[in-house]
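Asker: Have a peek at final04.pdb (PDB, C-alpha atoms and all ligand atoms).
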ATOM      1  CA  MET K   1      17.842   8.073   0.401
ATOM      2  CA  GLU K   2      19.334   5.604   2.823
ATOM      3  CA  VAL K   3      20.100   1.915   2.877
ATOM      4  CA  PHE K   4      20.155   0.416   6.369
ATOM      5  CA  GLU K   5      22.944  -2.054   6.903
ATOM      6  CA  CYS K   6      23.965  -4.367   9.708
ATOM      7  CA  ARG K   7      26.365  -2.745  12.167
ATOM      8  CA  GLY K   8      28.004  -6.089  12.724
ATOM      9  CA  CYS K   9      28.918  -7.152   9.188
ATOM     10  CA  GLY K  10      27.724  -4.456   6.772
ATOM     11  CA  THR K  11      25.093  -6.612   5.049
ATOM     12  CA  ALA K  12      22.439  -4.411   3.404
ATOM     13  CA  LEU K  13      19.178  -4.976   5.255
ATOM     14  CA  THR K  14      16.905  -2.714   3.174
ATOM     15  CA  GLY K  15      16.629  -1.243  -0.278
ATOM     16  CA  PRO K  16      17.041   2.532  -0.674
ATOM     17  CA  LEU K  17      14.462   4.270   1.518
ATOM     18  CA  SER K  18      13.479   7.901   1.948
ATOM     19  CA  ARG K  19      12.522   9.277   5.319
ATOM     20  CA  VAL K  20       8.963  10.471   5.850
ATOM     21  CA  ALA K  21       7.033  11.649   8.885
ATOM     22  CA  PHE K  22       6.634   9.005  11.603
ATOM     23  CA  PRO K  23       2.932   8.034  11.812
ATOM     24  CA  VAL K  24       1.692   9.029  15.263
ATOM     25  CA  TYR K  25      -0.492   5.920  15.360
ATOM     26  CA  ALA K  26       2.330   3.466  14.710
ATOM     27  CA  GLY K  27       2.270   0.828  17.416
ATOM     28  CA  ILE K  28      -1.277   1.592  18.560
ATOM     29  CA  PRO K  29      -3.608  -1.414  18.123
ATOM     30  CA  TYR K  30      -6.763  -0.968  16.047
ATOM     31  CA  GLY K  31     -10.047  -2.622  16.953
ATOM     32  CA  ASN K  32     -10.164  -6.304  17.877
ATOM     33  CA  GLY K  33      -8.976  -9.064  15.586
ATOM     34  CA  VAL K  34      -8.756  -6.845  12.509
ATOM     35  CA  ALA K  35      -6.476  -7.846   9.617
ATOM     36  CA  MET K  36      -4.365  -4.717   9.215
ATOM     37  CA  PRO K  37      -2.690  -3.046   6.251
ATOM     38  CA  VAL K  38       1.012  -2.267   5.984
ATOM     39  CA  LEU K  39       1.886   0.850   7.983
ATOM     40  CA  MET K  40       4.573   2.406   5.804
ATOM     41  CA  GLU K  41       4.459   3.078   2.091
ATOM     42  CA  SER K  42       7.045   0.935   0.296
ATOM     43  CA  GLY K  43      10.325   2.811  -0.174
ATOM     44  CA  THR K  44       9.919   4.933   2.953
ATOM     45  CA  TYR K  45      10.918   4.766   6.598
ATOM     46  CA  GLY K  46       9.895   6.626   9.733
ATOM     47  CA  VAL K  47      11.873   7.334  12.861
ATOM     48  CA  HIS K  48      10.329   7.543  16.311
ATOM     49  CA  GLU K  49      12.621   9.927  18.096
ATOM     50  CA  GLY K  50      13.317   9.681  21.785
ATOM     51  CA  PRO K  51      13.480  12.699  24.103
ATOM     52  CA  ALA K  52      17.076  13.521  23.101
ATOM     53  CA  GLY K  53      16.327  13.323  19.382
ATOM     54  CA  GLY K  54      17.957   9.911  18.953
ATOM     55  CA  ALA K  55      16.150   7.108  17.152
ATOM     56  CA  ARG K  56      14.040   5.075  19.553
ATOM     57  CA  SER K  57      12.790   2.924  16.714
ATOM     58  CA  ILE K  58      12.854   2.873  12.918
ATOM     59  CA  VAL K  59       9.887   1.494  11.032
ATOM     60  CA  ILE K  60       9.752   0.203   7.441
ATOM     61  CA  ALA K  61       7.404  -1.812   5.248
ATOM     62  CA  PRO K  62       8.097  -5.555   5.720
ATOM     63  CA  GLY K  63       8.683  -5.995   1.984
ATOM     64  CA  ASP K  64      11.552  -3.498   2.100
ATOM     65  CA  ALA K  65      13.639  -5.707   4.403
ATOM     66  CA  HIS K  66      16.389  -7.669   2.641
ATOM     67  CA  GLY K  67      19.036 -10.005   3.925
ATOM     68  CA  THR K  68      17.116 -10.988   7.030
ATOM     69  CA  ALA K  69      15.857 -14.307   8.346
ATOM     70  CA  LEU K  70      12.876 -14.903  10.605
ATOM     71  CA  VAL K  71      13.607 -16.540  13.944
ATOM     72  CA  GLN K  72      11.389 -19.615  14.178
ATOM     73  CA  ARG K  73      10.028 -19.812  17.694
ATOM     74  CA  ARG K  74       6.812 -20.103  19.591
ATOM     75  CA  GLU K  75       5.097 -16.769  20.066
ATOM     76  CA  LEU K  76       2.761 -17.484  22.964
ATOM     77  CA  GLY K  77      -0.087 -15.014  23.179
ATOM     78  CA  ALA K  78       0.012 -13.977  19.555
ATOM     79  CA  CYS K  79      -3.171 -14.557  17.617
ATOM     80  CA  CYS K  80      -3.155 -14.478  13.800
ATOM     81  CA  GLY K  81       0.516 -13.637  13.345
ATOM     82  CA  ILE K  82       3.505 -12.300  15.267
ATOM     83  CA  ASP K  83       2.989  -9.477  17.721
ATOM     84  CA  GLY K  84       6.640  -8.858  18.521
ATOM     85  CA  ARG K  85       6.253  -9.114  22.288
ATOM     86  CA  TYR K  86       9.386 -11.254  22.639
ATOM     87  CA  GLY K  87      11.609  -8.685  20.980
ATOM     88  CA  PRO K  88      13.636  -8.871  17.781
ATOM     89  CA  ASN K  89      12.715 -11.831  15.569
ATOM     90  CA  LEU K  90      14.675 -11.035  12.404
ATOM     91  CA  THR K  91      18.374 -11.774  12.154
ATOM     92  CA  CYS K  92      21.007 -10.578   9.713
ATOM     93  CA  VAL K  93      21.808 -13.361   7.235
ATOM     94  CA  GLY K  94      25.431 -12.190   7.237
ATOM     95  CA  CYS K  95      26.245 -12.528  10.916
ATOM     96  CA  GLY K  96      23.140 -13.725  12.735
ATOM     97  CA  ARG K  97      22.724 -10.704  14.951
ATOM     98  CA  LYS K  98      19.166  -9.700  15.763
ATOM     99  CA  VAL K  99      18.400  -6.625  13.702
ATOM    100  CA  ALA K 100      14.631  -6.120  13.569
ATOM    101  CA  THR K 101      11.160  -7.140  14.698
ATOM    102  CA  ARG K 102       8.469  -8.163  12.247
ATOM    103  CA  VAL K 103       4.942  -7.468  13.471
ATOM    104  CA  ASP K 104       1.892  -8.771  11.631
ATOM    105  CA  ASP K 105      -0.610  -9.949  14.230
ATOM    106  CA  CYS K 106      -4.224  -8.919  13.899
ATOM    107  CA  SER K 107      -5.135  -5.381  14.994
ATOM    108  CA  LEU K 108      -1.462  -4.357  14.670
ATOM    109  CA  TRP K 109      -0.172  -2.418  11.704
ATOM    110  CA  GLN K 110       2.043  -4.679   9.593
ATOM    111  CA  ALA K 111       5.534  -3.348   9.987
ATOM    112  CA  THR K 112       9.183  -4.215  10.461
ATOM    113  CA  TRP K 113      10.891  -2.304  13.256
ATOM    114  CA  LEU K 114      14.648  -1.989  12.860
ATOM    115  CA  GLU K 115      16.784  -2.017  15.999
ATOM    116  CA  PRO K 116      18.580   1.354  16.056
ATOM    117  CA  ALA K 117      21.511  -0.184  17.934
ATOM    118  CA  ALA K 118      21.948  -2.988  15.389
ATOM    119  CA  VAL K 119      21.672  -1.079  12.107
ATOM    120  CA  ARG K 120      23.129   2.036  10.575
ATOM    121  CA  PRO K 121      21.830   4.234   7.740
ATOM    122  CA  VAL K 122      24.168   4.657   4.784
ATOM    123  CA  ALA K 123      23.440   7.570   2.449
ATOM    124  CA  GLU K 124      22.835   6.060  -0.977
ATOM    125  CA  SER K 125      21.519   8.976  -3.019
ATOM    126  CA  PRO K 126      20.303  12.511  -2.311
ATOM    127  CA  ALA K 127      16.974  12.724  -0.530
ATOM    128  CA  PRO K 128      14.053  13.427  -2.880
ATOM    129  CA  PRO K 129      13.123  17.127  -2.779
ATOM    130  CA  VAL K 130      10.348  18.121  -0.422
ATOM    131  CA  ALA K 131       7.215  18.457  -2.550
ATOM    132  CA  ASP K 132       5.596  21.898  -2.571
ATOM    133  CA  TRP K 133       2.089  22.188  -1.205
ATOM    134  CA  VAL K 134       0.401  22.570  -4.580
ATOM    135  CA  SER K 135       1.827  19.288  -5.831
ATOM    136  CA  VAL K 136       0.974  17.577  -2.532
ATOM    137  CA  ALA K 137      -2.648  18.641  -2.932
ATOM    138  CA  GLY K 138      -2.637  17.802  -6.641
ATOM    139  CA  ARG K 139      -1.183  14.342  -6.203
ATOM    140  CA  TRP K 140      -3.937  13.249  -3.897
ATOM    141  CA  ARG K 141      -6.851  15.039  -5.525
ATOM    142  CA  ALA K 142      -8.603  11.838  -6.471
ATOM    143  CA  ALA K 143      -7.612   9.700  -3.492
ATOM    144  CA  ALA K 144     -10.242   7.115  -2.672
ATOM    145  CA  LEU K 145     -11.534   7.114   0.889
ATOM    146  CA  VAL K 146     -12.646   3.514   0.679
ATOM    147  CA  GLU K 147     -10.809   0.340  -0.153
ATOM    148  CA  ALA K 148     -11.000  -1.177  -3.630
ATOM    149  CA  ASP K 149     -13.775  -3.537  -2.503
ATOM    150  CA  GLY K 150     -15.854  -0.623  -1.210
ATOM    151  CA  SER K 151     -15.179  -1.294   2.474
ATOM    152  CA  ARG K 152     -14.242   1.515   4.844
ATOM    153  CA  SER K 153     -10.558   2.298   4.971
ATOM    154  CA  ILE K 154      -8.839   1.529   8.249
ATOM    155  CA  ARG K 155      -6.198   4.118   7.405
ATOM    156  CA  TRP K 156      -8.782   6.882   7.120
ATOM    157  CA  ASP K 157     -10.567   5.825  10.297
ATOM    158  CA  VAL K 158      -7.286   6.215  12.141
ATOM    159  CA  GLU K 159      -6.313   9.455  10.433
ATOM    160  CA  ALA K 160      -9.763  10.879  11.220
ATOM    161  CA  ALA K 161      -9.213  10.059  14.915
ATOM    162  CA  VAL K 162      -5.887  11.927  14.830
ATOM    163  CA  THR K 163      -7.509  15.003  13.304
ATOM    164  CA  LEU K 164     -10.470  14.833  15.666
ATOM    165  CA  ALA K 165      -8.047  15.002  18.604
ATOM    166  CA  HIS K 166      -6.512  18.155  17.114
ATOM    167  CA  LEU K 167      -9.971  19.664  16.582
ATOM    168  CA  VAL K 168     -11.053  18.916  20.157
ATOM    169  CA  SER K 169      -7.777  20.230  21.556
ATOM    170  CA  ALA K 170      -8.028  23.458  19.537
ATOM    171  CA  ALA K 171     -11.645  23.942  20.627
ATOM    172  CA  ASP K 172     -10.399  23.920  24.229
ATOM    173  CA  GLY K 173     -13.637  22.670  25.736
ATOM    174  CA  ALA K 174     -15.985  24.668  23.501
ATOM    175  CA  PRO K 175     -18.424  22.995  21.107
ATOM    176  CA  LEU K 176     -17.237  22.651  17.510
ATOM    177  CA  ALA K 177     -19.218  24.096  14.616
ATOM    178  CA  LEU K 178     -18.069  22.234  11.491
ATOM    179  CA  ALA K 179     -18.407  24.023   8.160
ATOM    180  CA  PRO K 180     -21.252  22.405   6.192
ATOM    181  CA  GLY K 181     -20.215  20.090   3.382
ATOM    182  CA  PRO K 182     -17.557  17.378   3.247
ATOM    183  CA  LEU K 183     -15.912  18.384   6.554
ATOM    184  CA  ALA K 184     -19.160  18.095   8.487
ATOM    185  CA  GLN K 185     -20.100  14.884   6.681
ATOM    186  CA  ALA K 186     -16.775  13.282   7.527
ATOM    187  CA  PHE K 187     -16.493  14.363  11.176
ATOM    188  CA  ARG K 188     -19.978  14.963  12.538
ATOM    189  CA  GLY K 189     -20.547  11.295  13.281
ATOM    190  CA  LEU K 190     -17.247  11.019  15.155
ATOM    191  CA  LEU K 191     -17.873  14.172  17.153
ATOM    192  CA  GLY K 192     -21.204  12.744  18.240
ATOM    193  CA  GLN K 193     -19.387   9.837  19.934
ATOM    194  CA  LEU K 194     -17.626  12.181  22.369
ATOM    195  CA  PRO K 195     -19.094  13.553  25.605
ATOM    196  CA  PRO K 196     -20.978  16.811  25.005
ATOM    197  CA  PRO K 197     -18.737  19.856  25.500
ATOM    198  CA  GLN K 198     -19.412  22.727  27.854
ATOM    199  CA  THR K 199     -22.095  25.218  26.952
ATOM    200  CA  ARG K 200     -20.037  27.971  25.421
ATOM    201  CA  PRO K 201     -19.940  29.747  22.086
ATOM    202  CA  ALA K 202     -18.911  27.226  19.447
ATOM    203  CA  ARG K 203     -15.553  27.413  17.716
ATOM    204  CA  ARG K 204     -15.863  27.290  13.936
ATOM    205  CA  ALA K 205     -13.813  24.786  11.950
ATOM    206  CA  ALA K 206     -13.449  24.739   8.152
ATOM    207  CA  LEU K 207     -11.221  23.187   5.492
ATOM    208  CA  ALA K 208      -8.302  25.372   4.344
ATOM    209  CA  GLY K 209      -5.172  24.677   2.348
ATOM    210  CA  PRO K 210      -3.406  24.848  -1.004
ATOM    211  CA  GLY K 211      -5.544  25.266  -4.100
ATOM    212  CA  ARG K 212      -8.565  26.556  -2.201
ATOM    213  CA  PRO K 213      -9.623  30.137  -1.438
ATOM    214  CA  LEU K 214      -9.380  30.925   2.271
ATOM    215  CA  PRO K 215     -12.779  30.520   3.926
ATOM    216  CA  ARG K 216     -14.367  33.885   4.803
ATOM    217  CA  PRO K 217     -14.905  34.838   7.516
ATOM    218  CA  LEU K 218     -11.795  33.072   8.732
ATOM    219  CA  PRO K 219     -12.641  30.077  10.937
ATOM    220  CA  ASP K 220     -11.237  29.640  14.452
ATOM    221  CA  ILE K 221      -9.754  26.273  13.445
ATOM    222  CA  ALA K 222      -8.643  25.259   9.962
ATOM    223  CA  VAL K 223      -8.510  21.579   8.982
ATOM    224  CA  VAL K 224      -5.356  21.658   6.838
ATOM    225  CA  PRO K 225      -3.262  19.005   5.055
ATOM    226  CA  ARG K 226      -0.308  17.429   6.848
ATOM    227  CA  HIS K 227       2.723  17.187   4.589
ATOM    228  CA  PRO K 228       3.384  13.505   3.792
ATOM    229  CA  GLN K 229       7.174  13.934   3.871
ATOM    230  CA  THR K 230       7.759  16.454   6.660
ATOM    231  CA  GLY K 231       4.657  15.906   8.794
ATOM    232  CA  GLU K 232       4.231  19.689   9.032
ATOM    233  CA  PRO K 233       0.734  21.159   8.779
ATOM    234  CA  TRP K 234      -0.068  23.686   6.044
ATOM    235  CA  PRO K 235       0.622  27.108   7.586
ATOM    236  CA  THR K 236      -2.575  28.797   8.684
ATOM    237  CA  PRO K 237      -3.204  32.562   8.754
ATOM    238  CA  PRO K 238      -2.419  34.296  12.079
ATOM    239  CA  GLY K 239      -5.027  33.627  14.732
ATOM    240  CA  VAL K 240      -6.314  30.437  13.096
ATOM    241  CA  ALA K 241      -5.463  27.155  14.842
ATOM    242  CA  ALA K 242      -4.474  24.197  12.657
ATOM    243  CA  ALA K 243      -6.014  20.734  12.871
ATOM    244  CA  PRO K 244      -3.847  18.684  10.483
ATOM    245  CA  LEU K 245      -5.365  15.917   8.400
ATOM    246  CA  ALA K 246      -3.445  13.396   6.257
ATOM    247  CA  ALA K 247      -2.854  15.080   2.887
ATOM    248  CA  GLU K 248      -4.623  12.340   0.930
ATOM    249  CA  TYR K 249      -7.708  12.495   3.105
ATOM    250  CA  TRP K 250      -7.658  16.297   3.118
ATOM    251  CA  ALA K 251      -7.466  16.503  -0.685
ATOM    252  CA  ALA K 252     -10.289  14.026  -1.070
ATOM    253  CA  LEU K 253     -12.499  16.269   1.106
ATOM    254  CA  ALA K 254     -11.247  19.612  -0.199
ATOM    255  CA  PHE K 255     -11.675  18.764  -3.873
ATOM    256  CA  ARG K 256     -14.638  16.524  -3.483
ATOM    257  CA  ASP K 257     -16.843  18.493  -5.837
ATOM    258  CA  GLU K 258     -14.188  18.910  -8.483
ATOM    259  CA  ARG K 259     -13.520  15.332  -9.387
ATOM    260  CA  GLU K 260     -13.813  14.343 -12.993
ATOM    261  CA  LEU K 261     -15.732  11.235 -13.764
ATOM    262  CA  ALA K 262     -14.143   8.714 -16.073
ATOM    263  CA  PRO K 263     -15.945   8.606 -19.423
ATOM    264  CA  ALA K 264     -17.994   5.472 -19.829
ATOM    265  CA  THR K 265     -17.876   3.555 -23.062
ATOM    266  CA  GLY K 266     -19.652   0.477 -24.282
ATOM    267  CA  ARG K 267     -22.152  -1.463 -22.238
ATOM    268  CA  LEU K 268     -21.990  -3.317 -18.962
ATOM    269  CA  PRO K 269     -21.097  -6.964 -19.374
ATOM    270  CA  PRO K 270     -23.955  -9.451 -18.959
ATOM    271  CA  GLY K 271     -24.770 -10.171 -15.337
ATOM    272  CA  VAL K 272     -23.313  -6.911 -14.016
ATOM    273  CA  GLU K 273     -25.764  -4.570 -12.375
ATOM    274  CA  ARG K 274     -25.334  -1.195 -10.829
ATOM    275  CA  ASP K 275     -27.440   1.436  -9.194
ATOM    276  CA  ASP K 276     -28.519   4.391 -11.213
ATOM    277  CA  PRO K 277     -27.648   6.958 -10.069
ATOM    278  CA  LEU K 278     -24.513   5.650  -8.359
ATOM    279  CA  PRO K 279     -24.649   5.718  -4.553
ATOM    280  CA  PRO K 280     -22.784   8.661  -3.009
ATOM    281  CA  HIS K 281     -19.124   8.084  -2.400
ATOM    282  CA  SER K 282     -18.718   7.229   1.258
ATOM    283  CA  LEU K 283     -17.236   9.960   3.414
ATOM    284  CA  TYR K 284     -18.520   8.672   6.672
ATOM    285  CA  ALA K 285     -15.846   7.659   9.100
ATOM    286  CA  GLY K 286     -18.273   6.076  11.489
ATOM    287  CA  TYR K 287     -15.803   4.242  13.729
ATOM    288  CA  LEU K 288     -13.980   6.406  16.238
ATOM    289  CA  ASP K 289     -10.599   4.886  17.079
ATOM    290  CA  GLN K 290     -10.598   5.814  20.767
ATOM    291  CA  TRP K 291      -7.041   4.628  21.401
ATOM    292  CA  VAL K 292      -5.562   6.850  18.737
ATOM    293  CA  PHE K 293      -7.852   9.731  19.673
ATOM    294  CA  ARG K 294      -6.788   9.603  23.322
ATOM    295  CA  ALA K 295      -3.104   9.077  22.550
ATOM    296  CA  VAL K 296      -2.980  12.142  20.302
ATOM    297  CA  LEU K 297      -5.085  14.251  22.663
ATOM    298  CA  ASN K 298      -2.819  13.295  25.565
ATOM    299  CA  ARG K 299       0.224  14.299  23.584
ATOM    300  CA  LEU K 300      -1.341  17.637  22.619
ATOM    301  CA  ASN K 301      -2.130  18.194  26.296
ATOM    302  CA  GLY K 302       1.467  17.442  27.260
ATOM    303  CA  VAL K 303       0.708  14.060  28.837
ATOM    304  CA  ASP K 304       3.495  11.603  28.106
ATOM    305  CA  ASP K 305       2.177   8.398  26.622
ATOM    306  CA  THR K 306       4.217   5.351  25.864
ATOM    307  CA  GLN K 307       1.824   3.797  23.381
ATOM    308  CA  HIS K 308       4.484   3.851  20.696
ATOM    309  CA  ASP K 309       6.618   1.397  22.584
ATOM    310  CA  HIS K 310       4.591  -1.503  21.395
ATOM    311  CA  ARG K 311       7.195  -4.136  22.098
TER     312      ARG K 311
HETATM  313 ZN    ZN K 401      25.239  -8.732  10.061
END
What do you get writing this file as structure tokens?
Ligand SMILES: [Zn+2]
Answerer:
Amino acid sequence: MEVFECRGCGTALTGPLSRVAFPVYAGIPYGNGVAMPVLMESGTYGVHEGPAGGARSIVIAPGDAHGTALVQRRELGACCGIDGRYGPNLTCVGCGRKVATRVDDCSLWQATWLEPAAVRPVAESPAPPVADWVSVAGRWRAAALVEADGSRSIRWDVEAAVTLAHLVSAADGAPLALAPGPLAQAFRGLLGQLPPPQTRPARRAALAGPGRPLPRPLPDIAVVPRHPQTGEPWPTPPGVAAAPLAAEYWAALAFRDERELAPATGRLPPGVERDDPLPPHSLYAGYLDQWVFRAVLNRLNGVDDTQHDHR
């Protein structure tokens, strides 16, 4: 794990952080005027690498920044918060040099972007081991696909758009036949928002990954989990293309029918009502994030996009 410190004076600017895969949708706005969640899980950081492998930007959760002060200035054009358009707005409390940019305007993922030229990582403890696939799938078996208040999760809308781009790219212009069940329920509505594909034999897509028997016959495209630490997709059998899906989302679909219900005890408190039977857990990612979809599809097609340079 690394602590980032100021290159100028050595002040620690973060707690110990472990590196995880850089989210491909970092820096891409979502919807219009939407209050956004924090991009990075606390205790982690992601690195957007430039063409030569150097760090173009380093992103952390805002709460993981220490020893910084916000520059108080007018941010013309920003809406509900700071959009970072005027460059670094956090200074080192030790020496005053500009070290990072806090972004929290609406429709932008809340994040703090460290300036690679102003900070340096200092190894603090060994990196946590890379989790094996079985524990990745197990950890997220009961992940909720909706927020605590029952509303649709922005994170899963965006992750679904990423996976849809992989599915469309792997189909290479052919229609997609989604395996019936959770995969079709989660992606059919999104697929319907795209232009109809050419009239050709459909390519078959199905869920595959750790803890599940391989679908038979083998599909053309397997929707597999993406490792939360390495960003690598679960390795597919030869001849099967991979469409990676965030591990949490994947596990929630793959093990949908295996969840255990919590035992109920006692009675509902007075005034509390609920449906009987409970309404089905929502799988339906109805909103297609076109910006993320196009950005990922462009990248898969080898088109350079600069969406990540949000500042
Ligand atoms: Zn400093």
Asker: Just say which residues the PyMOL selection byres (((chain K and resi 112) around 7) and not hetatm) picks in this file, as a PyMOL selection string.
Answerer: chain K and resi 59-62+100-103+111+113-114
Asker: Produce as a list in words the set of residues near ligand ZN 401 (chain K), where near means within 9 Å with all atoms listed in the file considered.
Answerer: Glu5, Cys6, Arg7, Gly8, Cys9, Gly10, Thr11, Ala12, Leu13, Gly67, Thr68, Thr91, Cys92, Val93, Gly94, Cys95, Gly96, Arg97, Lys98, Val99, Ala118 and Val119 of chain K
Asker: For the structure shown, which residues end up in the PyMOL selection byres (((chain K and resi 243) around 9) and not hetatm)? Put them as a list in words, please?
Answerer: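 Evaluating the PyMOL selection byres (((chain K and resi 243) around 9) and not hetatm) on these coordinates yields Thr163, Leu164, Ala165, His166, Leu167, Ser169, Ala170, Ala205, Ile221, Ala222, Val223, Val224, Pro225, Arg226, Pro233, Ala241, Ala242, Pro244 and Leu245 of chain K.
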Asker: Name the residues captured by the PyMOL selection byres (((chain K and resi 150-154) around 10) and not hetatm) when it is applied to the shown file; answer as a VMD selection string.
Answerer: chain K and resid 30 to 31 34 to 37 144 to 149 155 to 160 281 to 287 289
Asker: What is the atom CA of Gly266 of chain K to atom CA of Arg139 of chain K distance in Å?
Answerer: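 Going from atom CA of Gly266 of chain K over to atom CA of Arg139 of chain K covers 29.3 Å.
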Asker: Given all atoms listed in the file as the basis, pick out the residue of K:Gly239, K:Gly209, K:Pro128, K:Gly87 nearest to Gly43 of chain K.
Answerer: K:Pro128
